[in-house]
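Pasting upload_7.txt here (compact mmCIF, C-alpha atoms and all ligand atoms):
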# COMPACT_ATOMS: atom_id res chain seq x y z
CA MET A 23 2.06 2.26 -16.38
CA GLY A 24 1.95 3.44 -12.79
CA SER A 25 3.71 6.71 -12.20
CA ILE A 26 2.25 8.83 -9.42
CA SER A 27 2.94 12.49 -8.86
CA LEU A 28 2.00 14.52 -5.80
CA GLN A 29 2.12 18.28 -6.28
CA SER A 30 1.90 20.53 -3.19
CA VAL A 31 -0.62 18.14 -1.68
CA GLU A 32 -2.30 19.24 1.55
CA LYS A 33 -4.88 17.71 3.85
CA TRP A 34 -6.88 19.58 6.41
CA PHE A 35 -9.35 18.05 8.86
CA GLY A 36 -11.20 21.21 9.86
CA ASP A 37 -8.53 23.51 11.30
CA LEU A 38 -6.01 20.69 11.68
CA GLN A 39 -3.50 20.41 8.86
CA VAL A 40 -2.15 16.87 8.75
CA ILE A 41 -0.45 16.92 5.31
CA LYS A 42 1.56 20.09 4.79
CA GLY A 43 2.37 20.54 1.12
CA ILE A 44 3.98 17.35 -0.17
CA ASP A 45 5.78 17.05 -3.52
CA LEU A 46 6.77 13.58 -4.61
CA ASP A 47 7.32 11.78 -7.92
CA ILE A 48 6.92 8.02 -7.81
CA HIS A 49 8.17 6.16 -10.87
CA ASP A 50 6.40 3.34 -12.67
CA GLY A 51 7.31 0.04 -11.00
CA GLU A 52 8.93 1.63 -7.98
CA PHE A 53 8.55 0.22 -4.46
CA ILE A 54 8.03 3.24 -2.22
CA VAL A 55 7.74 2.96 1.55
CA PHE A 56 6.21 5.66 3.77
CA VAL A 57 7.61 5.50 7.29
CA GLY A 58 7.26 7.75 10.30
CA PRO A 59 5.86 7.75 13.80
CA SER A 60 2.22 7.13 14.60
CA GLY A 61 0.02 10.08 13.64
CA CYS A 62 2.47 11.66 11.16
CA GLY A 63 0.02 11.27 8.26
CA LYS A 64 1.08 8.05 6.50
CA SER A 65 -2.41 6.58 6.22
CA THR A 66 -3.98 9.90 5.31
CA LEU A 67 -1.51 10.43 2.47
CA LEU A 68 -2.04 6.88 1.18
CA ARG A 69 -5.82 7.26 1.39
CA MET A 70 -5.60 10.50 -0.55
CA ILE A 71 -3.66 8.74 -3.31
CA GLY A 72 -6.29 5.99 -3.31
CA GLY A 73 -9.11 8.53 -3.37
CA LEU A 74 -10.57 7.49 -0.02
CA GLU A 75 -9.76 10.94 1.40
CA GLU A 76 -10.35 14.16 -0.46
CA THR A 77 -7.28 16.24 -1.27
CA SER A 78 -7.75 19.68 0.35
CA ARG A 79 -5.16 21.44 -1.82
CA GLY A 80 -2.68 20.51 -4.52
CA LYS A 81 -2.79 17.95 -7.29
CA LEU A 82 -2.46 14.24 -7.76
CA LEU A 83 -1.42 12.85 -11.15
CA LEU A 84 -1.51 9.22 -12.26
CA ASP A 85 0.53 8.65 -15.40
CA GLY A 86 0.43 12.38 -15.94
CA LYS A 87 -3.34 12.60 -15.72
CA ASP A 88 -4.97 14.75 -13.05
CA VAL A 89 -7.06 12.45 -10.83
CA THR A 90 -7.39 14.77 -7.82
CA ASP A 91 -11.17 14.78 -8.02
CA GLN A 92 -11.64 11.27 -9.38
CA PRO A 93 -13.45 8.68 -7.23
CA PRO A 94 -11.41 5.66 -6.06
CA HIS A 95 -12.81 3.08 -8.48
CA GLN A 96 -11.75 5.15 -11.50
CA ARG A 97 -8.11 5.39 -10.44
CA GLY A 98 -7.15 1.79 -11.20
CA LEU A 99 -5.37 1.37 -7.85
CA SER A 100 -5.76 -1.39 -5.29
CA MET A 101 -5.56 -0.95 -1.53
CA VAL A 102 -4.59 -3.65 0.97
CA PHE A 103 -5.15 -2.95 4.67
CA GLN A 104 -4.15 -4.65 7.90
CA SER A 105 -7.74 -5.70 8.53
CA TYR A 106 -8.57 -7.85 5.56
CA ALA A 107 -12.26 -8.61 5.90
CA LEU A 108 -12.89 -11.64 3.71
CA TYR A 109 -16.41 -12.92 3.08
CA PRO A 110 -16.71 -15.84 5.54
CA HIS A 111 -19.39 -17.70 3.59
CA MET A 112 -17.45 -17.64 0.31
CA SER A 113 -14.60 -19.87 -0.81
CA VAL A 114 -11.13 -18.43 -1.34
CA ARG A 115 -11.78 -18.59 -5.10
CA ASP A 116 -15.02 -16.62 -4.81
CA ASN A 117 -13.48 -14.09 -2.43
CA MET A 118 -10.70 -13.46 -4.93
CA GLY A 119 -13.02 -13.22 -7.92
CA PHE A 120 -15.79 -11.24 -6.28
CA SER A 121 -14.84 -7.76 -7.48
CA LEU A 122 -14.50 -9.00 -11.07
CA LYS A 123 -17.85 -10.75 -10.82
CA THR A 124 -19.62 -7.61 -9.58
CA ALA A 125 -17.93 -5.70 -12.42
CA GLY A 126 -19.59 -8.15 -14.84
CA ALA A 127 -16.47 -9.96 -16.07
CA PRO A 128 -17.09 -13.30 -17.86
CA LYS A 129 -16.49 -16.46 -15.84
CA SER A 130 -13.59 -17.60 -18.02
CA GLU A 131 -11.75 -14.33 -17.40
CA ILE A 132 -12.44 -14.50 -13.66
CA ASP A 133 -11.14 -18.09 -13.54
CA ASP A 134 -7.97 -17.18 -15.44
CA LYS A 135 -7.19 -14.21 -13.24
CA VAL A 136 -7.94 -16.01 -9.98
CA ASN A 137 -5.82 -19.00 -11.04
CA ASN A 138 -2.98 -16.72 -12.02
CA ALA A 139 -3.11 -14.82 -8.71
CA ALA A 140 -3.36 -18.09 -6.77
CA ALA A 141 -0.24 -19.39 -8.53
CA ILE A 142 1.74 -16.25 -7.69
CA LEU A 143 0.63 -16.39 -4.05
CA LYS A 144 0.85 -20.19 -3.69
CA LEU A 145 -2.84 -20.36 -2.83
CA GLU A 146 -3.78 -23.09 -5.30
CA PRO A 147 -4.34 -25.81 -2.66
CA TYR A 148 -6.72 -23.56 -0.73
CA LEU A 149 -9.01 -22.22 -3.45
CA ASP A 150 -12.04 -24.23 -2.32
CA ARG A 151 -11.65 -23.55 1.38
CA ARG A 152 -13.51 -21.00 3.44
CA PRO A 153 -11.44 -18.23 5.08
CA LYS A 154 -11.88 -19.69 8.58
CA ALA A 155 -9.96 -22.81 7.47
CA LEU A 156 -6.87 -20.70 6.66
CA SER A 157 -3.99 -19.37 8.74
CA GLY A 158 -3.51 -15.62 9.26
CA GLY A 159 -0.80 -15.49 6.62
CA GLN A 160 -2.92 -17.37 4.11
CA ARG A 161 -5.83 -14.99 4.73
CA GLN A 162 -3.58 -12.01 4.14
CA ARG A 163 -2.47 -13.66 0.89
CA VAL A 164 -6.11 -13.98 -0.17
CA ALA A 165 -6.59 -10.27 0.58
CA ILE A 166 -3.60 -9.49 -1.64
CA GLY A 167 -4.93 -11.91 -4.26
CA ARG A 168 -8.20 -10.01 -4.34
CA SER A 169 -6.31 -6.91 -5.40
CA ILE A 170 -4.07 -8.67 -7.96
CA VAL A 171 -7.01 -9.96 -10.01
CA ARG A 172 -8.00 -6.41 -10.85
CA ASP A 173 -4.66 -5.68 -12.59
CA PRO A 174 -4.17 -2.41 -10.75
CA THR A 175 -1.67 0.12 -12.05
CA ALA A 176 -0.42 0.46 -8.48
CA PHE A 177 -0.85 -1.23 -5.12
CA LEU A 178 -1.32 0.74 -1.92
CA PHE A 179 -0.54 -1.17 1.28
CA ASP A 180 -1.36 0.24 4.72
CA GLU A 181 0.56 -1.76 7.34
CA PRO A 182 -0.72 -5.01 5.83
CA LEU A 183 1.36 -7.21 8.13
CA SER A 184 0.92 -5.48 11.45
CA ASN A 185 -1.66 -7.98 12.73
CA LEU A 186 0.57 -10.99 12.04
CA ASP A 187 3.05 -12.54 14.45
CA ALA A 188 6.76 -11.81 14.02
CA ALA A 189 7.71 -15.01 12.13
CA LEU A 190 4.81 -14.67 9.73
CA ARG A 191 5.61 -11.00 9.17
CA VAL A 192 9.08 -11.93 7.97
CA GLU A 193 7.70 -14.62 5.67
CA MET A 194 5.06 -12.29 4.21
CA ARG A 195 7.67 -9.57 3.71
CA TYR A 196 9.51 -11.92 1.35
CA GLU A 197 6.22 -12.77 -0.37
CA ILE A 198 5.53 -9.09 -0.99
CA ALA A 199 9.04 -8.54 -2.35
CA LYS A 200 8.51 -11.53 -4.68
CA LEU A 201 5.15 -10.18 -5.74
CA HIS A 202 6.75 -6.88 -6.66
CA ARG A 203 9.36 -8.64 -8.77
CA ALA A 204 6.69 -10.77 -10.47
CA LEU A 205 4.21 -7.99 -11.24
CA LYS A 206 6.65 -5.09 -11.69
CA ALA A 207 3.82 -2.83 -10.51
CA THR A 208 4.21 0.38 -8.57
CA MET A 209 3.78 -0.25 -4.85
CA ILE A 210 3.36 2.23 -2.04
CA TYR A 211 3.74 0.58 1.31
CA VAL A 212 3.06 2.17 4.69
CA THR A 213 4.77 0.79 7.77
CA HIS A 214 6.21 1.93 11.07
CA ASP A 215 8.61 -1.03 10.97
CA GLN A 216 12.10 0.14 10.00
CA VAL A 217 13.30 -3.32 9.01
CA GLU A 218 10.36 -3.79 6.68
CA ALA A 219 11.08 -0.39 5.16
CA MET A 220 14.80 -1.05 4.69
CA THR A 221 14.32 -4.47 3.11
CA LEU A 222 11.40 -3.70 0.78
CA ALA A 223 11.94 -0.16 -0.46
CA ASP A 224 13.52 1.16 -3.62
CA ARG A 225 13.07 4.53 -1.92
CA ILE A 226 11.88 5.41 1.55
CA VAL A 227 9.85 8.54 2.31
CA VAL A 228 10.30 9.56 5.94
CA LEU A 229 7.31 11.58 7.13
CA GLU A 230 7.40 13.90 10.12
CA PHE A 231 4.18 15.69 11.14
CA GLY A 232 2.80 15.85 7.61
CA THR A 233 6.00 16.91 5.87
CA ILE A 234 8.73 14.91 4.16
CA ALA A 235 11.82 14.76 6.36
CA GLN A 236 13.80 12.92 3.67
CA VAL A 237 13.38 10.78 0.56
CA GLY A 238 16.07 8.36 -0.54
CA THR A 239 17.21 4.80 -1.01
CA PRO A 240 17.62 2.79 2.20
CA LYS A 241 21.39 3.12 1.77
CA GLU A 242 21.24 6.91 1.36
CA LEU A 243 19.07 7.34 4.44
CA TYR A 244 21.26 5.06 6.48
CA GLU A 245 24.54 6.61 5.41
CA ARG A 246 23.47 10.23 5.06
CA PRO A 247 20.40 10.96 7.19
CA ALA A 248 19.24 14.55 6.59
CA ASN A 249 18.72 15.22 10.28
CA LEU A 250 18.56 13.66 13.73
CA PHE A 251 14.90 12.69 13.29
CA VAL A 252 15.71 10.56 10.23
CA ALA A 253 18.83 9.14 11.84
CA GLN A 254 16.91 8.06 14.92
CA PHE A 255 14.09 6.69 12.86
CA ILE A 256 16.25 4.71 10.48
CA GLY A 257 18.39 3.59 13.37
CA SER A 258 21.82 4.65 12.17
CA PRO A 259 24.28 6.55 14.36
CA ALA A 260 23.56 10.29 14.01
P1 LIG B 1 -0.46 7.56 10.65
O1 LIG B 1 -1.07 6.65 9.63
O2 LIG B 1 0.89 8.06 10.26
O3 LIG B 1 -0.43 6.99 12.02
P2 LIG B 1 -2.81 9.19 10.15
O4 LIG B 1 -2.70 9.56 8.73
O5 LIG B 1 -3.75 8.12 10.51
O6 LIG B 1 -1.35 8.89 10.73
O7 LIG B 1 -3.23 10.47 10.97
C1 LIG B 1 -2.56 11.73 10.82
C2 LIG B 1 -3.25 12.76 11.69
O8 LIG B 1 -4.54 13.03 11.16
C3 LIG B 1 -3.47 12.31 13.13
O9 LIG B 1 -3.29 13.43 13.96
C4 LIG B 1 -4.91 11.87 13.14
O10 LIG B 1 -5.47 12.01 14.41
C5 LIG B 1 -5.53 12.83 12.15
N1 LIG B 1 -6.71 12.27 11.46
C6 LIG B 1 -6.74 11.16 10.67
N2 LIG B 1 -7.97 10.95 10.17
C7 LIG B 1 -8.75 11.95 10.67
C8 LIG B 1 -10.14 12.29 10.53
N3 LIG B 1 -10.96 11.57 9.76
N4 LIG B 1 -10.58 13.40 11.19
C9 LIG B 1 -9.74 14.14 11.94
N5 LIG B 1 -8.44 13.88 12.12
C10 LIG B 1 -7.94 12.80 11.50
MG MG B 2 -1.81 4.69 9.84
Full structure transcribed into structure tokens:
Amino acid sequence: MGSISLQSVEKWFGDLQVIKGIDLDIHDGEFIVFVGPSGCGKSTLLRMIGGLEETSRGKLLLDGKDVTDQPPHQRGLSMVFQSYALYPHMSVRDNMGFSLKTAGAPKSEIDDKVNNAAAILKLEPYLDRRPKALSGGQRQRVAIGRSIVRDPTAFLFDEPLSNLDAALRVEMRYEIAKLHRALKATMIYVTHDQVEAMTLADRIVVLEFGTIAQVGTPKELYERPANLFVAQFIGSPA
């Protein structure tokens, strides 16, 4: 289960309101992409869902349960960022299993989950290497693997590919689409890359200064943009 509901959600930093009353229902298993220009509130909204930012007003429900005031580790979500600090002194296997180990999981369970994640991400040949012996794309896969082992109800990605070069970004985009098909988990993915948004999303949420300009399938946004802002952002003729 991984439905997520935002109800009149607001975020204020002091006197500055950066999220201005957002309502959104995300279905279990859906791939949702937040797009919009820099500073429009994508990361803030994602961090609020993950519990890394407090919600100033409104409610956040996971599977119908109010989690607005719940700390991040109780929400059962996993976040993947563009900077994926791996532990340099640990093998890939230990990096991927670390959170389970600190949670006290038995070794057999850790091994099973790490092996399973490694198979999905094609990391099996690299499990005994240190991060510095991996390419950028492989390191990002390890970062994703770290989140898979925890069986999250939803994945939250904040521009996870923006530090990779163009060719690798395309390759990893396919990997993430495959991952979504394999896990059938809810994914919320932040990007400012229109192509990434159009190819990955079941539905795209276009954000404009802390409000939703439009929500729809890539096709709907392309064919029937709600306004000039969406049209320009999605890149269709207005
Ligand atoms: P995006 O991810 O879309 O680029 P952000 O969510 O990072 O946008 O930021 C939205 C707005 O909130 C920006 O104006 C940013 O400067 C502001 N902001 C983000 N975090 C903080 C913070 N901790 N304190 C004050 N302002 C912040
Ligand atoms: Mg951001």
Pick out the residues sitting within 8 Å of A:Glu230, and hand them over as number ranges by chain; count all atoms listed in the file, and ignore anything fewer than 3 positions along from it in its own chain. A: 58-59, 62, 233-235
Need the shell around A:Ala188: protein/DNA/RNA residues with any atom at most 12 Å away, counting all atoms listed in the file. Skip same-chain ones fewer than 3 positions apart. Format as a PyMOL selection string? chain A and resi 158-159+183-185+191-195+215+217-218
Which is closer to ligand LIG 1 (chain B) than all the others in A:Asp180, A:Glu242, A:Glu32, A:Glu146, using all atoms listed in the file? A:Asp180
Measuring between all atoms listed in the file, which one of A:Val252, A:Ala176, A:Ile44, A:Val171 shows the shortest distance to A:Met101?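 Smallest separation from A:Met101 among the options: A:Ala176.
Between ligand MG 2 (chain B) and the candidates A:Asn117, A:Gln39, A:Ser169, A:Ser65, the tightest atom-to-atom separation, counting only C-alpha atoms and all ligand atoms, involves A:Ser65.
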Taking (20.1, 11.2, 6.4) as a centre in this file's frame and 12 Å as the limit, can you find every polymer residue with an atom that close, using only C-alpha atoms, and give them as a ChimeraX atom specification? /A:226-228,235-260
Please rebuild stretch 115-147 of chain A with N, CA and C atoms and return the result as an mmCIF file, keeping the file's coordinate frame.
data_model
loop_
_atom_site.group_PDB
_atom_site.id
_atom_site.type_symbol
_atom_site.label_atom_id
_atom_site.label_comp_id
_atom_site.auth_asym_id
_atom_site.auth_seq_id
_atom_site.Cartn_x
_atom_site.Cartn_y
_atom_site.Cartn_z
ATOM 1 N N ARG A 115 -11.617 -18.910 -3.681
ATOM 2 C CA ARG A 115 -11.780 -18.590 -5.100
ATOM 3 C C ARG A 115 -12.813 -17.475 -5.302
ATOM 4 N N ASP A 116 -13.954 -17.614 -4.624
ATOM 5 C CA ASP A 116 -15.020 -16.620 -4.810
ATOM 6 C C ASP A 116 -14.656 -15.280 -4.169
ATOM 7 N N ASN A 117 -13.953 -15.341 -3.028
ATOM 8 C CA ASN A 117 -13.480 -14.090 -2.430
ATOM 9 C C ASN A 117 -12.572 -13.346 -3.402
ATOM 10 N N MET A 118 -11.666 -14.101 -4.035
ATOM 11 C CA MET A 118 -10.700 -13.460 -4.930
ATOM 12 C C MET A 118 -11.355 -12.940 -6.211
ATOM 13 N N GLY A 119 -12.392 -13.620 -6.662
ATOM 14 C CA GLY A 119 -13.020 -13.220 -7.920
ATOM 15 C C GLY A 119 -14.175 -12.262 -7.771
ATOM 16 N N PHE A 120 -14.537 -11.968 -6.524
ATOM 17 C CA PHE A 120 -15.790 -11.240 -6.280
ATOM 18 C C PHE A 120 -15.854 -9.881 -6.980
ATOM 19 N N SER A 121 -14.771 -9.112 -6.907
ATOM 20 C CA SER A 121 -14.840 -7.760 -7.480
ATOM 21 C C SER A 121 -14.980 -7.823 -9.009
ATOM 22 N N LEU A 122 -14.372 -8.849 -9.613
ATOM 23 C CA LEU A 122 -14.500 -9.000 -11.070
ATOM 24 C C LEU A 122 -15.928 -9.410 -11.422
ATOM 25 N N LYS A 123 -16.493 -10.272 -10.572
ATOM 26 C CA LYS A 123 -17.850 -10.750 -10.820
ATOM 27 C C LYS A 123 -18.843 -9.582 -10.745
ATOM 28 N N THR A 124 -18.695 -8.749 -9.700
ATOM 29 C CA THR A 124 -19.620 -7.610 -9.580
ATOM 30 C C THR A 124 -19.411 -6.613 -10.712
ATOM 31 N N ALA A 125 -18.191 -6.593 -11.286
ATOM 32 C CA ALA A 125 -17.930 -5.700 -12.420
ATOM 33 C C ALA A 125 -18.445 -6.311 -13.732
ATOM 34 N N GLY A 126 -18.987 -7.540 -13.653
ATOM 35 C CA GLY A 126 -19.590 -8.150 -14.840
ATOM 36 C C GLY A 126 -18.629 -8.893 -15.749
ATOM 37 N N ALA A 127 -17.441 -9.238 -15.233
ATOM 38 C CA ALA A 127 -16.470 -9.960 -16.070
ATOM 39 C C ALA A 127 -16.974 -11.380 -16.360
ATOM 40 N N PRO A 128 -16.680 -11.924 -17.554
ATOM 41 C CA PRO A 128 -17.090 -13.300 -17.860
ATOM 42 C C PRO A 128 -16.363 -14.316 -16.990
ATOM 43 N N LYS A 129 -17.021 -15.450 -16.756
ATOM 44 C CA LYS A 129 -16.490 -16.460 -15.840
ATOM 45 C C LYS A 129 -15.095 -16.936 -16.255
ATOM 46 N N SER A 130 -14.889 -17.094 -17.569
ATOM 47 C CA SER A 130 -13.590 -17.600 -18.020
ATOM 48 C C SER A 130 -12.471 -16.627 -17.646
ATOM 49 N N GLU A 131 -12.759 -15.342 -17.756
ATOM 50 C CA GLU A 131 -11.750 -14.330 -17.400
ATOM 51 C C GLU A 131 -11.497 -14.344 -15.892
ATOM 52 N N ILE A 132 -12.593 -14.459 -15.118
ATOM 53 C CA ILE A 132 -12.440 -14.500 -13.660
ATOM 54 C C ILE A 132 -11.588 -15.708 -13.269
ATOM 55 N N ASP A 133 -11.898 -16.875 -13.850
ATOM 56 C CA ASP A 133 -11.140 -18.090 -13.540
ATOM 57 C C ASP A 133 -9.661 -17.929 -13.855
ATOM 58 N N ASP A 134 -9.374 -17.386 -15.031
ATOM 59 C CA ASP A 134 -7.970 -17.180 -15.440
ATOM 60 C C ASP A 134 -7.242 -16.293 -14.443
ATOM 61 N N LYS A 135 -7.868 -15.184 -14.108
ATOM 62 C CA LYS A 135 -7.190 -14.210 -13.240
ATOM 63 C C LYS A 135 -7.022 -14.741 -11.827
ATOM 64 N N VAL A 136 -8.046 -15.441 -11.328
ATOM 65 C CA VAL A 136 -7.940 -16.010 -9.980
ATOM 66 C C VAL A 136 -6.866 -17.094 -9.954
ATOM 67 N N ASN A 137 -6.834 -17.939 -10.992
ATOM 68 C CA ASN A 137 -5.820 -19.000 -11.040
ATOM 69 C C ASN A 137 -4.411 -18.417 -11.107
ATOM 70 N N ASN A 138 -4.268 -17.379 -11.883
ATOM 71 C CA ASN A 138 -2.980 -16.720 -12.020
ATOM 72 C C ASN A 138 -2.519 -16.117 -10.684
ATOM 73 N N ALA A 139 -3.440 -15.418 -10.009
ATOM 74 C CA ALA A 139 -3.110 -14.820 -8.710
ATOM 75 C C ALA A 139 -2.800 -15.912 -7.685
ATOM 76 N N ALA A 140 -3.577 -16.996 -7.720
ATOM 77 C CA ALA A 140 -3.360 -18.090 -6.770
ATOM 78 C C ALA A 140 -1.987 -18.729 -6.974
ATOM 79 N N ALA A 141 -1.560 -18.809 -8.249
ATOM 80 C CA ALA A 141 -0.240 -19.390 -8.530
ATOM 81 C C ALA A 141 0.857 -18.488 -7.960
ATOM 82 N N ILE A 142 0.726 -17.189 -8.189
ATOM 83 C CA ILE A 142 1.740 -16.250 -7.690
ATOM 84 C C ILE A 142 1.829 -16.319 -6.163
ATOM 85 N N LEU A 143 0.673 -16.452 -5.517
ATOM 86 C CA LEU A 143 0.630 -16.390 -4.050
ATOM 87 C C LEU A 143 0.636 -17.775 -3.397
ATOM 88 N N LYS A 144 0.841 -18.812 -4.197
ATOM 89 C CA LYS A 144 0.850 -20.190 -3.690
ATOM 90 C C LYS A 144 -0.422 -20.519 -2.916
ATOM 91 N N LEU A 145 -1.556 -20.102 -3.481
ATOM 92 C CA LEU A 145 -2.840 -20.360 -2.830
ATOM 93 C C LEU A 145 -3.630 -21.474 -3.526
ATOM 94 N N GLU A 146 -3.022 -22.099 -4.522
ATOM 95 C CA GLU A 146 -3.780 -23.090 -5.300
ATOM 96 C C GLU A 146 -4.431 -24.188 -4.442
ATOM 97 N N PRO A 147 -3.722 -24.720 -3.427
ATOM 98 C CA PRO A 147 -4.340 -25.810 -2.660
ATOM 99 C C PRO A 147 -5.533 -25.348 -1.817
#
